[in-house]
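Peer 1: Handing you this structure, nothing more for now.
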Amino acid sequence: MAAGAAAAAAAARKRRIVANMAYGVIELEPDQFLLALALEPEPLVVRSSVTSFWRNRHLHYRYLAGVKGAEIFCESVDELALHDGSIIVEAQQIKIPSDI
């Protein structure tokens, strides 16, 4: 019985990974990310701060946004200066398909 449940869980995980890979996210450098955001008057940007668990210090920021139907993502050591019209949503964590 346990083997069947493990196989079902593995199959569900594989389907989830395939679905995420089909979705896709475009990874950009921070300067290119800001240029892409400039295409939208009021972009919705999801931001999370990644910290080291053991040292309790900031490592980098992760940003995710939708621009013209494409999902874009970047990581930056420094906080990005987003333009005034940006709507920022703070998230505890951002995961993209390459993280899985």
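Chain lettering (A, B, ...) mirrors the order of the structure tokens, residue numbering begins at 1 for each chain separately, and ligand numbering begins at 1 in order of display.
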If you count only C-alpha atoms, which residues fall within 9 Å of Val77 (chain A), apart from same-chain ones fewer than 6 positions away, as a list in words?

Peer 2: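 Contacts, with the query itself left out: His58, Leu59, His60, Tyr61 and Arg62 of chain A.
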
Peer 1: Only N, CA and C atoms, please: the residues just picked out, written as an mmCIF file, in the first residue's frame.

Peer 2:
```
data_model
loop_
_atom_site.group_PDB
_atom_site.id
_atom_site.type_symbol
_atom_site.label_atom_id
_atom_site.label_comp_id
_atom_site.auth_asym_id
_atom_site.auth_seq_id
_atom_site.Cartn_x
_atom_site.Cartn_y
_atom_site.Cartn_z
ATOM 1 N N HIS A 58 20.875 39.614 5.391
ATOM 2 C CA HIS A 58 20.289 39.719 4.056
ATOM 3 C C HIS A 58 21.265 39.209 2.997
ATOM 4 N N LEU A 59 20.790 38.394 2.062
ATOM 5 C CA LEU A 59 21.615 37.913 0.961
ATOM 6 C C LEU A 59 21.295 38.637 -0.347
ATOM 7 N N HIS A 60 20.004 38.626 -0.740
ATOM 8 C CA HIS A 60 19.601 39.297 -1.966
ATOM 9 C C HIS A 60 18.080 39.437 -2.026
ATOM 10 N N TYR A 61 17.625 40.178 -3.022
ATOM 11 C CA TYR A 61 16.197 40.364 -3.274
ATOM 12 C C TYR A 61 15.817 39.582 -4.527
ATOM 13 N N ARG A 62 14.582 39.102 -4.551
ATOM 14 C CA ARG A 62 14.025 38.449 -5.744
ATOM 15 C C ARG A 62 12.797 39.237 -6.168
#
```

Peer 1: Using only C-alpha atoms, determine which residues lie at most 7 Å from Val67 (chain A), disregarding the query and same-chain residues fewer than 6 positions distant; provide the list as a PyMOL selection string.

Peer 2: chain A and resi 36-37+40

Peer 1: Got time to write the residues from that selection, C-alpha atoms, as a tab-separated table (two decimals), in the first residue's frame?

Peer 2:
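And here is the file that came out, part_18.tsv:
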```tsv
chain	number	residue	atom	x	y	z
A	36	ALA	CA	11.10	45.81	-19.12
A	37	LEU	CA	9.10	47.28	-16.20
A	40	GLU	CA	4.07	49.19	-18.09
```

Peer 1: CA of Leu35 (chain A) to CA of Thr51 (chain A): how many Å, to one decimal?

Peer 2: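 Calculated distance between CA of Leu35 (chain A) and CA of Thr51 (chain A) is 26.4 Å.
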